[in-house]
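> Just data36.pdb, nothing more (PDB, C-alpha atoms, pLDDT in the B column):
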```
ATOM      1  CA  MET A 253      -1.293 -28.074  95.457  1.00 52.00           C
ATOM      2  CA  SER A 254      -1.114 -28.626  99.223  1.00 55.00           C
ATOM      3  CA  SER A 255       1.591 -26.986 101.276  1.00 56.00           C
ATOM      4  CA  ILE A 256       3.083 -30.411 102.051  1.00 57.00           C
ATOM      5  CA  THR A 257       3.245 -31.328  98.348  1.00 56.00           C
ATOM      6  CA  ALA A 258       4.716 -27.936  97.488  1.00 50.00           C
ATOM      7  CA  THR A 259       7.396 -28.333 100.157  1.00 54.00           C
ATOM      8  CA  ALA A 260       8.251 -31.842  98.953  1.00 51.00           C
ATOM      9  CA  THR A 261       8.499 -30.625  95.353  1.00 54.00           C
ATOM     10  CA  ALA A 262      10.751 -27.740  96.363  1.00 51.00           C
ATOM     11  CA  THR A 263      12.978 -30.067  98.405  1.00 53.00           C
ATOM     12  CA  THR A 264      13.279 -32.473  95.462  1.00 54.00           C
ATOM     13  CA  ALA A 265      14.143 -29.622  93.113  1.00 54.00           C
ATOM     14  CA  THR A 266      16.815 -28.364  95.522  1.00 54.00           C
ATOM     15  CA  ALA A 267      18.306 -31.858  95.862  1.00 56.00           C
ATOM     16  CA  LYS A 268      18.429 -32.244  92.087  1.00 59.00           C
ATOM     17  CA  THR A 269      20.131 -28.869  91.810  1.00 60.00           C
ATOM     18  CA  ASN A 270      22.722 -29.878  94.405  1.00 64.00           C
ATOM     19  CA  TYR A 271      23.350 -33.200  92.664  1.00 64.00           C
ATOM     20  CA  SER A 272      23.711 -31.441  89.321  1.00 50.00           C
ATOM     21  CA  THR A 273      26.280 -29.091  90.805  1.00 49.00           C
ATOM     22  CA  ALA A 274      28.272 -32.022  92.191  1.00 88.00           C
ATOM     23  CA  ALA A 275      27.879 -34.156  89.074  1.00 92.00           C
ATOM     24  CA  SER A 276      30.490 -32.257  87.069  1.00 93.00           C
ATOM     25  CA  SER A 277      33.138 -32.867  89.738  1.00 95.00           C
ATOM     26  CA  VAL A 278      32.220 -36.531  90.077  1.00 95.00           C
ATOM     27  CA  ILE A 279      32.424 -37.169  86.331  1.00 96.00           C
ATOM     28  CA  ASP A 280      35.784 -35.364  86.178  1.00 96.00           C
ATOM     29  CA  PHE A 281      37.018 -37.570  89.038  1.00 97.00           C
ATOM     30  CA  LEU A 282      35.736 -40.762  87.428  1.00 97.00           C
ATOM     31  CA  SER A 283      37.469 -39.823  84.185  1.00 97.00           C
ATOM     32  CA  LEU A 284      40.753 -39.650  86.108  1.00 97.00           C
ATOM     33  CA  VAL A 285      40.017 -42.984  87.800  1.00 97.00           C
ATOM     34  CA  GLU A 286      39.432 -44.499  84.347  1.00 98.00           C
ATOM     35  CA  GLN A 287      43.191 -44.309  83.806  1.00 97.00           C
ATOM     36  CA  LEU A 288      43.513 -47.151  86.308  1.00 98.00           C
ATOM     37  CA  LYS A 289      41.622 -49.359  83.840  1.00 98.00           C
ATOM     38  CA  ARG A 290      44.003 -48.419  81.024  1.00 97.00           C
ATOM     39  CA  THR A 291      47.329 -48.461  82.888  1.00 97.00           C
ATOM     40  CA  LYS A 292      48.978 -51.877  82.860  1.00 97.00           C
ATOM     41  CA  ARG A 293      51.012 -53.008  85.846  1.00 97.00           C
ATOM     42  CA  THR A 294      54.673 -52.230  85.223  1.00 95.00           C
ATOM     43  CA  GLY A 295      56.125 -55.430  86.677  1.00 95.00           C
ATOM     44  CA  TRP A 296      54.241 -57.590  84.211  1.00 97.00           C
ATOM     45  CA  ILE A 297      55.133 -55.367  81.252  1.00 96.00           C
ATOM     46  CA  ASN A 298      58.809 -55.574  82.227  1.00 95.00           C
ATOM     47  CA  ASN A 299      58.565 -59.362  82.282  1.00 96.00           C
ATOM     48  CA  GLY A 300      57.018 -59.619  78.827  1.00 97.00           C
ATOM     49  CA  ILE A 301      53.529 -60.736  79.834  1.00 98.00           C
ATOM     50  CA  GLN A 302      51.321 -60.758  76.727  1.00 96.00           C
ATOM     51  CA  SER A 303      48.134 -59.282  78.225  1.00 96.00           C
ATOM     52  CA  PRO A 304      49.136 -57.763  81.564  1.00 98.00           C
ATOM     53  CA  GLU A 305      46.527 -56.788  84.111  1.00 98.00           C
ATOM     54  CA  SER A 306      45.667 -53.157  84.758  1.00 98.00           C
ATOM     55  CA  ILE A 307      45.984 -51.414  88.103  1.00 98.00           C
ATOM     56  CA  ALA A 308      42.184 -51.535  88.378  1.00 98.00           C
ATOM     57  CA  ASP A 309      42.232 -55.320  87.768  1.00 98.00           C
ATOM     58  CA  HIS A 310      44.649 -55.722  90.673  1.00 98.00           C
ATOM     59  CA  MET A 311      42.593 -53.595  93.059  1.00 98.00           C
ATOM     60  CA  TYR A 312      39.341 -55.290  92.080  1.00 98.00           C
ATOM     61  CA  ARG A 313      40.578 -58.748  93.034  1.00 98.00           C
ATOM     62  CA  MET A 314      42.032 -57.337  96.250  1.00 98.00           C
ATOM     63  CA  GLY A 315      38.579 -55.994  97.113  1.00 98.00           C
ATOM     64  CA  ILE A 316      37.117 -59.476  96.594  1.00 98.00           C
ATOM     65  CA  MET A 317      39.898 -60.972  98.723  1.00 98.00           C
ATOM     66  CA  ALA A 318      39.081 -58.540 101.541  1.00 98.00           C
ATOM     67  CA  MET A 319      35.467 -59.720 101.416  1.00 98.00           C
ATOM     68  CA  LEU A 320      36.674 -63.294 102.012  1.00 98.00           C
ATOM     69  CA  ILE A 321      38.543 -62.501 105.231  1.00 98.00           C
ATOM     70  CA  GLU A 322      37.078 -64.177 108.325  1.00 98.00           C
ATOM     71  CA  ASP A 323      38.329 -62.039 111.202  1.00 98.00           C
ATOM     72  CA  SER A 324      35.920 -60.309 113.575  1.00 97.00           C
ATOM     73  CA  SER A 325      38.764 -58.246 115.048  1.00 98.00           C
ATOM     74  CA  LEU A 326      39.040 -56.290 111.785  1.00 98.00           C
ATOM     75  CA  ASP A 327      36.754 -53.672 110.258  1.00 98.00           C
ATOM     76  CA  ARG A 328      36.203 -55.648 107.068  1.00 98.00           C
ATOM     77  CA  THR A 329      34.260 -52.871 105.347  1.00 98.00           C
ATOM     78  CA  ARG A 330      37.197 -50.529 105.838  1.00 98.00           C
ATOM     79  CA  CYS A 331      39.549 -53.187 104.478  1.00 98.00           C
ATOM     80  CA  ILE A 332      37.432 -53.553 101.338  1.00 98.00           C
ATOM     81  CA  LYS A 333      37.344 -49.790 100.815  1.00 98.00           C
ATOM     82  CA  MET A 334      41.070 -49.499 101.427  1.00 98.00           C
ATOM     83  CA  ALA A 335      41.794 -52.265  98.917  1.00 98.00           C
ATOM     84  CA  ILE A 336      39.935 -50.457  96.147  1.00 97.00           C
ATOM     85  CA  VAL A 337      41.583 -47.064  96.773  1.00 98.00           C
ATOM     86  CA  HIS A 338      45.109 -47.989  97.884  1.00 97.00           C
ATOM     87  CA  ASP A 339      46.614 -47.436  94.402  1.00 97.00           C
ATOM     88  CA  LEU A 340      44.278 -44.602  93.416  1.00 97.00           C
ATOM     89  CA  ALA A 341      47.050 -42.006  93.085  1.00 96.00           C
ATOM     90  CA  GLU A 342      48.554 -44.174  90.330  1.00 96.00           C
ATOM     91  CA  ALA A 343      45.776 -42.872  88.078  1.00 97.00           C
ATOM     92  CA  LEU A 344      47.929 -39.747  87.834  1.00 96.00           C
ATOM     93  CA  VAL A 345      51.491 -40.911  88.506  1.00 94.00           C
ATOM     94  CA  GLY A 346      51.431 -44.416  87.005  1.00 91.00           C
ATOM     95  CA  ASP A 347      52.662 -47.695  88.480  1.00 91.00           C
ATOM     96  CA  ILE A 348      56.143 -46.960  89.831  1.00 87.00           C
ATOM     97  CA  THR A 349      58.144 -50.047  90.819  1.00 82.00           C
ATOM     98  CA  PRO A 350      61.325 -50.326  92.919  1.00 77.00           C
ATOM     99  CA  PHE A 351      63.217 -50.898  89.657  1.00 77.00           C
ATOM    100  CA  ASP A 352      62.211 -47.598  88.052  1.00 81.00           C
ATOM    101  CA  GLY A 353      64.965 -45.507  89.641  1.00 82.00           C
ATOM    102  CA  VAL A 354      62.555 -43.463  91.766  1.00 87.00           C
ATOM    103  CA  SER A 355      63.300 -43.198  95.486  1.00 89.00           C
ATOM    104  CA  LYS A 356      60.624 -44.132  98.019  1.00 87.00           C
ATOM    105  CA  GLU A 357      60.598 -40.516  99.174  1.00 91.00           C
ATOM    106  CA  ARG A 358      60.068 -39.173  95.649  1.00 91.00           C
ATOM    107  CA  LYS A 359      57.408 -41.805  94.916  1.00 91.00           C
ATOM    108  CA  ARG A 360      55.515 -40.813  98.072  1.00 91.00           C
ATOM    109  CA  GLU A 361      55.809 -37.140  97.134  1.00 94.00           C
ATOM    110  CA  MET A 362      54.437 -37.790  93.645  1.00 94.00           C
ATOM    111  CA  GLU A 363      51.557 -39.847  95.001  1.00 95.00           C
ATOM    112  CA  GLU A 364      50.787 -37.201  97.637  1.00 95.00           C
ATOM    113  CA  GLN A 365      50.436 -34.648  94.851  1.00 96.00           C
ATOM    114  CA  GLY A 366      48.295 -37.058  92.852  1.00 96.00           C
ATOM    115  CA  MET A 367      45.989 -37.680  95.790  1.00 96.00           C
ATOM    116  CA  LYS A 368      45.752 -33.941  96.456  1.00 96.00           C
ATOM    117  CA  GLN A 369      44.625 -33.399  92.860  1.00 97.00           C
ATOM    118  CA  LEU A 370      42.042 -36.178  93.137  1.00 97.00           C
ATOM    119  CA  VAL A 371      40.625 -34.724  96.356  1.00 96.00           C
ATOM    120  CA  GLU A 372      40.458 -31.256  94.825  1.00 96.00           C
ATOM    121  CA  THR A 373      38.711 -32.666  91.759  1.00 96.00           C
ATOM    122  CA  LEU A 374      35.953 -33.851  94.106  1.00 95.00           C
ATOM    123  CA  ASP A 375      35.848 -30.388  95.734  1.00 93.00           C
ATOM    124  CA  SER A 376      37.281 -31.818  98.979  1.00 93.00           C
ATOM    125  CA  SER A 377      33.909 -33.428  99.683  1.00 93.00           C
ATOM    126  CA  ALA A 378      33.336 -35.764 102.611  1.00 93.00           C
ATOM    127  CA  GLN A 379      33.640 -38.706 100.212  1.00 94.00           C
ATOM    128  CA  ALA A 380      36.929 -37.389  98.843  1.00 96.00           C
ATOM    129  CA  LEU A 381      38.314 -36.946 102.350  1.00 96.00           C
ATOM    130  CA  GLU A 382      37.297 -40.505 103.244  1.00 97.00           C
ATOM    131  CA  ILE A 383      39.171 -41.799 100.198  1.00 98.00           C
ATOM    132  CA  GLU A 384      42.225 -39.745 101.150  1.00 98.00           C
ATOM    133  CA  SER A 385      42.073 -40.990 104.751  1.00 98.00           C
ATOM    134  CA  LEU A 386      41.907 -44.621 103.629  1.00 98.00           C
ATOM    135  CA  TRP A 387      44.815 -44.062 101.243  1.00 98.00           C
ATOM    136  CA  ARG A 388      46.920 -42.497 104.007  1.00 97.00           C
ATOM    137  CA  GLU A 389      46.046 -45.293 106.398  1.00 98.00           C
ATOM    138  CA  TYR A 390      47.326 -47.795 103.856  1.00 98.00           C
ATOM    139  CA  GLU A 391      50.487 -45.790 103.191  1.00 96.00           C
ATOM    140  CA  ASP A 392      51.266 -45.418 106.906  1.00 96.00           C
ATOM    141  CA  ASP A 393      50.678 -49.158 107.524  1.00 97.00           C
ATOM    142  CA  ALA A 394      50.055 -48.592 111.227  1.00 97.00           C
ATOM    143  CA  THR A 395      46.660 -50.287 111.737  1.00 98.00           C
ATOM    144  CA  MET A 396      45.578 -53.908 111.682  1.00 98.00           C
ATOM    145  CA  GLU A 397      43.388 -53.154 108.666  1.00 98.00           C
ATOM    146  CA  SER A 398      46.266 -51.634 106.731  1.00 98.00           C
ATOM    147  CA  HIS A 399      48.475 -54.598 107.652  1.00 98.00           C
ATOM    148  CA  LEU A 400      45.874 -56.899 106.127  1.00 98.00           C
ATOM    149  CA  VAL A 401      45.541 -54.856 102.928  1.00 98.00           C
ATOM    150  CA  HIS A 402      49.326 -54.861 102.499  1.00 98.00           C
ATOM    151  CA  ASP A 403      49.191 -58.649 102.818  1.00 98.00           C
ATOM    152  CA  LEU A 404      46.417 -58.794 100.227  1.00 98.00           C
ATOM    153  CA  ASP A 405      48.430 -56.579  97.878  1.00 98.00           C
ATOM    154  CA  LYS A 406      51.343 -59.004  97.849  1.00 98.00           C
ATOM    155  CA  CYS A 407      49.220 -62.142  97.958  1.00 98.00           C
ATOM    156  CA  GLU A 408      47.242 -60.993  94.919  1.00 98.00           C
ATOM    157  CA  MET A 409      50.529 -60.263  93.163  1.00 98.00           C
ATOM    158  CA  ILE A 410      51.990 -63.734  93.687  1.00 98.00           C
ATOM    159  CA  GLN A 411      48.741 -65.430  92.702  1.00 98.00           C
ATOM    160  CA  GLN A 412      48.857 -63.397  89.488  1.00 98.00           C
ATOM    161  CA  ALA A 413      52.502 -64.385  89.042  1.00 98.00           C
ATOM    162  CA  MET A 414      51.559 -68.050  89.412  1.00 98.00           C
ATOM    163  CA  GLU A 415      48.792 -67.605  86.828  1.00 98.00           C
ATOM    164  CA  TYR A 416      51.106 -65.832  84.384  1.00 98.00           C
ATOM    165  CA  GLU A 417      53.760 -68.513  84.803  1.00 98.00           C
ATOM    166  CA  LYS A 418      51.142 -70.967  83.564  1.00 97.00           C
ATOM    167  CA  SER A 419      49.484 -68.845  80.832  1.00 97.00           C
ATOM    168  CA  ASP A 420      52.662 -67.257  79.429  1.00 98.00           C
ATOM    169  CA  ALA A 421      55.190 -69.995  80.205  1.00 96.00           C
ATOM    170  CA  LYS A 422      57.296 -67.499  82.157  1.00 96.00           C
ATOM    171  CA  GLU A 423      59.575 -67.879  85.156  1.00 96.00           C
ATOM    172  CA  LEU A 424      58.551 -65.193  87.666  1.00 98.00           C
ATOM    173  CA  GLU A 425      60.468 -66.286  90.741  1.00 98.00           C
ATOM    174  CA  SER A 426      61.497 -62.701  91.581  1.00 96.00           C
ATOM    175  CA  PHE A 427      57.908 -61.879  92.592  1.00 97.00           C
ATOM    176  CA  PHE A 428      57.858 -64.787  95.011  1.00 98.00           C
ATOM    177  CA  ALA A 429      61.329 -64.080  96.357  1.00 97.00           C
ATOM    178  CA  SER A 430      60.420 -60.459  97.134  1.00 96.00           C
ATOM    179  CA  THR A 431      57.493 -61.497  99.335  1.00 97.00           C
ATOM    180  CA  ARG A 432      58.753 -64.524 101.238  1.00 97.00           C
ATOM    181  CA  GLY A 433      58.254 -64.202 104.984  1.00 96.00           C
ATOM    182  CA  ILE A 434      56.392 -60.880 104.876  1.00 97.00           C
ATOM    183  CA  PHE A 435      52.796 -62.055 105.328  1.00 98.00           C
ATOM    184  CA  ARG A 436      51.271 -61.290 108.716  1.00 97.00           C
ATOM    185  CA  HIS A 437      47.640 -62.376 108.722  1.00 98.00           C
ATOM    186  CA  PRO A 438      47.129 -66.133 109.310  1.00 98.00           C
ATOM    187  CA  GLN A 439      44.351 -66.487 106.742  1.00 98.00           C
ATOM    188  CA  VAL A 440      46.435 -64.788 104.076  1.00 98.00           C
ATOM    189  CA  GLN A 441      49.367 -66.989 105.065  1.00 98.00           C
ATOM    190  CA  ALA A 442      47.139 -70.023 104.414  1.00 98.00           C
ATOM    191  CA  TRP A 443      46.291 -68.662 100.964  1.00 98.00           C
ATOM    192  CA  VAL A 444      49.974 -68.095 100.250  1.00 98.00           C
ATOM    193  CA  ASP A 445      50.789 -71.662 101.283  1.00 98.00           C
ATOM    194  CA  GLU A 446      48.147 -72.921  98.859  1.00 98.00           C
ATOM    195  CA  ILE A 447      49.550 -70.760  96.045  1.00 98.00           C
ATOM    196  CA  TYR A 448      53.002 -72.248  96.664  1.00 98.00           C
ATOM    197  CA  ARG A 449      51.557 -75.767  96.772  1.00 98.00           C
ATOM    198  CA  ARG A 450      49.843 -75.278  93.413  1.00 98.00           C
ATOM    199  CA  ARG A 451      52.945 -73.696  91.918  1.00 97.00           C
ATOM    200  CA  ARG A 452      55.058 -76.684  92.972  1.00 96.00           C
ATOM    201  CA  SER A 453      52.474 -79.096  91.537  1.00 95.00           C
ATOM    202  CA  ALA A 454      52.562 -77.299  88.195  1.00 89.00           C
ATOM    203  CA  ASN A 455      56.345 -77.701  87.867  1.00 78.00           C
TER
END
```
Output the file's structure as structure tokens, nothing else.


Amino acid sequence: MSSITATATATTATAKTNYSTAASSVIDFLSLVEQLKRTKRTGWINNGIQSPESIADHMYRMGIMAMLIEDSSLDRTRCIKMAIVHDLAEALVGDITPFDGVSKERKREMEEQGMKQLVETLDSSAQALEIESLWREYEDDATMESHLVHDLDKCEMIQQAMEYEKSDAKELESFFASTRGIFRHPQVQAWVDEIYRRRRSAN
């Protein structure tokens, strides 16, 4: 075996060893994230929706929505990433709504602890710290990207409300009332206008 081949083999073996070491943490983390697929969104449960979406369902469509944004002033990749991690702490604390009797301060505290546990599960790796940073950026809502993702969060919610009104014959006006006038990005505002137009046409 040549020295070059031997070196390449040793490097590959070392890489596999490193990956194997990290694999346990990653699988533990992904098992926690799996709870997002199982946990149904509280607002829909409280309104008697027959097959309510999960938290993961909500974040998935938000990620797709972020991909559809046409705005060169935004870091679209960061928006997509933020959309798919913004509710990540709910894997541990659940979907807490304003009607659950939990203060905003206590909710933030619980989610901080949840995010800390998630980061520690990934051994505070660079990837874990990126996830935490994106989550904090969303929570702080101080950047243009976080503004957009907040818009997407509420826009996705009212589109889902419109769809449930049709599929479950429910009246879900409270979801629309809670979001009127809050949208900031012009493209999202156009989507919201179209949702309202379709909702009016269905009535």

> Just to confirm, what's the straight-line distance from atom CA of A:Val285 to atom CA of A:Asp375 in Å (one decimal)?

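Going from atom CA of A:Val285 over to atom CA of A:Asp375 covers 15.5 Å.
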
> Contacts between stretch 434-450 of chain A and stretch 304-350 of chain A, please, where a residue of stretch 304-350 of chain A counts if it comes within 10 Å (with only C-alpha atoms); show its shortest atom pair and distance in Å to one decimal, rows by chain and ascending number, as JSON lines.


```
{"residue": "A:Met317", "atom": "CA", "partner": "A:Val440", "partner_atom": "CA", "distance": 9.3}
{"residue": "A:Ala318", "atom": "CA", "partner": "A:Val440", "partner_atom": "CA", "distance": 10.0}
{"residue": "A:Leu320", "atom": "CA", "partner": "A:Gln439", "partner_atom": "CA", "distance": 9.6}
{"residue": "A:Ile321", "atom": "CA", "partner": "A:Gln439", "partner_atom": "CA", "distance": 7.2}
{"residue": "A:Glu322", "atom": "CA", "partner": "A:Gln439", "partner_atom": "CA", "distance": 7.8}
{"residue": "A:Asp323", "atom": "CA", "partner": "A:Gln439", "partner_atom": "CA", "distance": 8.7}
```

> Would you please work out which residue, of A:Gly433, A:Gly300, A:Gly366, A:Gly353, is nearest to A:Cys407 when using all atoms listed in the file?

A:Gly433

> On this structure, the PyMOL selection byres ((chain A and resi 395-405) around 7) would catch which residues? List them as a list of chain:residue names, sorted by chain and number.

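Evaluating the PyMOL selection byres ((chain A and resi 395-405) around 7) on these coordinates yields A:Met314, A:Leu326, A:Asp327, A:Cys331, A:Ala335, A:Glu389, A:Tyr390, A:Asp393, A:Ala394, A:Lys406, A:Cys407, A:Glu408, A:Met409, A:Phe435, A:Arg436, A:His437, A:Val440.
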
> With a distance cut-off of 12 Å and only C-alpha atoms, select the neighbouring residues of A:Ser419, excluding the residue or stretch itself and same-chain residues fewer than 2 positions from it, and output the selection as an MDAnalysis selection string.

chainID A and resid 301:304 412:417 421:424 454

> So, with only C-alpha atoms as the atoms that count, which of A:Asp339, A:Glu391, A:Ile297, A:Leu374 lies closest to A:Lys356?

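That would be A:Glu391, the residue with the smallest distance to A:Lys356.
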
> If you count only C-alpha atoms, which residues fall within 12 Å of A:Thr349, apart from same-chain ones fewer than 6 positions away, as a PyMOL selection string?

chain A and resi 293-298+342+355-356+359+427

> For the selection just defined, write its residues with C-alpha atoms to a file, as an mmCIF file, in the frame of the given file.


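The result, written out as out16.cif:
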```
data_model
loop_
_atom_site.group_PDB
_atom_site.id
_atom_site.type_symbol
_atom_site.label_atom_id
_atom_site.label_comp_id
_atom_site.auth_asym_id
_atom_site.auth_seq_id
_atom_site.Cartn_x
_atom_site.Cartn_y
_atom_site.Cartn_z
ATOM 1 C CA ARG A 293 51.012 -53.008 85.846
ATOM 2 C CA THR A 294 54.673 -52.230 85.223
ATOM 3 C CA GLY A 295 56.125 -55.430 86.677
ATOM 4 C CA TRP A 296 54.241 -57.590 84.211
ATOM 5 C CA ILE A 297 55.133 -55.367 81.252
ATOM 6 C CA ASN A 298 58.809 -55.574 82.227
ATOM 7 C CA GLU A 342 48.554 -44.174 90.330
ATOM 8 C CA SER A 355 63.300 -43.198 95.486
ATOM 9 C CA LYS A 356 60.624 -44.132 98.019
ATOM 10 C CA LYS A 359 57.408 -41.805 94.916
ATOM 11 C CA PHE A 427 57.908 -61.879 92.592
#
```

> Work out how far atom CA of A:Lys292 is from atom CA of A:Ser453, in Å to one decimal.

28.8 Å

> Using only C-alpha atoms, which residues sit within 8 Å of A:Met311 once same-chain residues fewer than 2 positions away are excluded, as a PyMOL selection string?

chain A and resi 307-309+313-315+335-339

> Could you work out how far atom CA of A:Asp280 lies from atom CA of A:Gln369, giving the answer in Å with one decimal?

11.3 Å

> Just give me the residues with any atom within 12 Å of (38.4, -46.0, 81.1), file coordinates, counting all atoms listed in the file, written as a tab-separated table (two decimals) with C-alpha atoms, in the coordinates of the input.


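What ended up in point02.tsv:
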```
chain	number	residue	atom	x	y	z
A	279	ILE	CA	32.42	-37.17	86.33
A	281	PHE	CA	37.02	-37.57	89.04
A	282	LEU	CA	35.74	-40.76	87.43
A	283	SER	CA	37.47	-39.82	84.18
A	284	LEU	CA	40.75	-39.65	86.11
A	285	VAL	CA	40.02	-42.98	87.80
A	286	GLU	CA	39.43	-44.50	84.35
A	287	GLN	CA	43.19	-44.31	83.81
A	288	LEU	CA	43.51	-47.15	86.31
A	289	LYS	CA	41.62	-49.36	83.84
A	290	ARG	CA	44.00	-48.42	81.02
A	291	THR	CA	47.33	-48.46	82.89
A	306	SER	CA	45.67	-53.16	84.76
A	307	ILE	CA	45.98	-51.41	88.10
A	308	ALA	CA	42.18	-51.54	88.38
A	343	ALA	CA	45.78	-42.87	88.08
```

> Give me the result of the PyMOL selection byres ((chain A and resi 364) around 12) on this file, residue by residue, as a ChimeraX atom specification.

/A:339-342,344-345,357-363,365-371,384-385,387-388,391

> Please, what is the axis-aligned box for every listed atom of stretch 443-451 of chain A with 8 Å on each side, as centre and edge lengths in Å to one decimal, as AutoDock Vina command-line options?


```
--center_x 49.6 --center_y -71.9 --center_z 96.6 --size_x 22.7 --size_y 23.7 --size_z 25.4
```
